[in-house]
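Down below is the structure, laid out as structure tokens.
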Amino acid sequence: RLSHLGGQFAGLVRVAVPEERAAALTRTLTELEKQGLRVVIQSAGDGQPAPGLVVVLSLVGHDRPGIVRQITGVLAEHQVNVEEFSSECVSAPMDGSTLFQAQATVSVPPTSSLAAVRRDLEKIAADLMVDVQLNPPER
């Protein structure tokens with residue numbers, strides 16, 4: 001995944017190499033810093049997805065400070081893992097005001113209830129004046 005963020009180009013790349021070549025790849029990537037490219041290397045886990053129900057959270061509403069903080073606060077209370085998150089501000093089609101849109105793929109652990117997560121999100125959605133939906137991921 002590659003993006004232009006805050007005037008900087010940022011990327012996240014997942015690669016798989018045989019274990020015997022990992023050290024050489026790490027050395028080569030680290031040497032790129034001499035050319036001005038900052039590289040952070042993180043070893044992946046065992047590749048097994050965490051247990052839980054995967055759903056897509058979609059949100060849209062008038063932009064205002066604190067939306068992400070409040071939504072992620074509810075997710076954290078239920079120990080929901082955010083697998084992927086993207087957001088943007090766009091011009092509303094009718095009046096040109098600024099709309100905030102976000103989409104996240106989240107994993108609800110077996111110890112939490114999707115109904116409870118939905119209920120708590122709907123409570124704050126009314127206060128934030130946003131529409132929040134939880135749906136199965138598209139295949």
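Residues in the structure tokens are named by chain (A, B, ... in the order shown) and by number from 1 within that chain; ligands are numbered from 1 in the order shown.
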Which parts of chain A does DSSP call strand (DSSP E) when run on the backbone here, written out as a ChimeraX atom specification? /A:2-5,8-11,53-62,81-91,98-108,130-135
Looking only at helix (DSSP H, G or I) from DSSP on the backbone, list the matching residues of segment 9-133 of chain A as an MDAnalysis selection string. chainID A and resid 19:35 67:77 114:128
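Residues with any atom within 9 Å of Ile71 of chain A, counting only C-alpha atoms and excluding same-chain neighbours fewer than 6 positions away, are A:Leu121, A:Ile124, A:Ala125.
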For the residues in that selection, give me C-alpha atoms as a PDB file, in the first residue's frame.
ATOM      1  CA  LEU A 121     -21.482   2.569  17.856  1.00  0.00           C
ATOM      2  CA  ILE A 124     -22.317   7.667  19.624  1.00  0.00           C
ATOM      3  CA  ALA A 125     -23.254   7.924  15.934  1.00  0.00           C
TER       4      ALA A 125
END
Write out as an NGL selection string the residues lying within 8 Å of Glu88 of chain A, counting only C-alpha atoms and excluding same-chain residues fewer than 2 positions away. :A and (86 or 90 or 100-102)
Fewer than 6 positions away in the same chain doesn't count, so skip those; otherwise give me all residues within 10 Å of Ser113 of chain A, counting only C-alpha atoms, as a PyMOL selection string. chain A and resi 53+78+80+119
Can you pull out every residue within 12 Å of Asp127 of chain A, counting only C-alpha atoms, but drop anything in the same chain fewer than 2 positions away, and send it as a PyMOL selection string? chain A and resi 61-62+64+66-67+70-71+120-125+129-132
Please identify all polymer residues within 12 Å of segment 18-23 of chain A, counting only C-alpha atoms, omitting same-chain residues fewer than 4 positions from it, and present them as an NGL selection string. :A and (27-30 or 41-43)
Would you export the selected residues with N, CA and C atoms as a PDB file, in the first residue's frame, please?
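Writing the result to part.pdb gives the following:
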ATOM      1  N   ARG A  27      19.775  -6.057   5.086  1.00  0.00           N
ATOM      2  CA  ARG A  27      20.970  -5.211   4.831  1.00  0.00           C
ATOM      3  C   ARG A  27      20.743  -4.308   3.625  1.00  0.00           C
ATOM      4  N   THR A  28      20.225  -4.872   2.551  1.00  0.00           N
ATOM      5  CA  THR A  28      20.008  -4.095   1.325  1.00  0.00           C
ATOM      6  C   THR A  28      18.997  -2.969   1.556  1.00  0.00           C
ATOM      7  N   LEU A  29      17.915  -3.278   2.250  1.00  0.00           N
ATOM      8  CA  LEU A  29      16.903  -2.249   2.523  1.00  0.00           C
ATOM      9  C   LEU A  29      17.445  -1.168   3.447  1.00  0.00           C
ATOM     10  N   THR A  30      18.233  -1.548   4.422  1.00  0.00           N
ATOM     11  CA  THR A  30      18.828  -0.580   5.352  1.00  0.00           C
ATOM     12  C   THR A  30      19.769   0.372   4.616  1.00  0.00           C
ATOM     13  N   ILE A  41      11.779  -2.017   9.180  1.00  0.00           N
ATOM     14  CA  ILE A  41      11.567  -3.440   8.895  1.00  0.00           C
ATOM     15  C   ILE A  41      10.980  -4.097  10.129  1.00  0.00           C
ATOM     16  N   GLN A  42       9.897  -4.796   9.921  1.00  0.00           N
ATOM     17  CA  GLN A  42       9.221  -5.489  11.019  1.00  0.00           C
ATOM     18  C   GLN A  42       8.925  -6.913  10.584  1.00  0.00           C
ATOM     19  N   SER A  43       9.357  -7.863  11.371  1.00  0.00           N
ATOM     20  CA  SER A  43       9.047  -9.259  11.049  1.00  0.00           C
ATOM     21  C   SER A  43       7.577  -9.523  11.323  1.00  0.00           C
TER      22      SER A  43
END
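Separating atom CA of Gln133 of chain A from atom CA of Gly96 of chain A is a distance of 23.5 Å.
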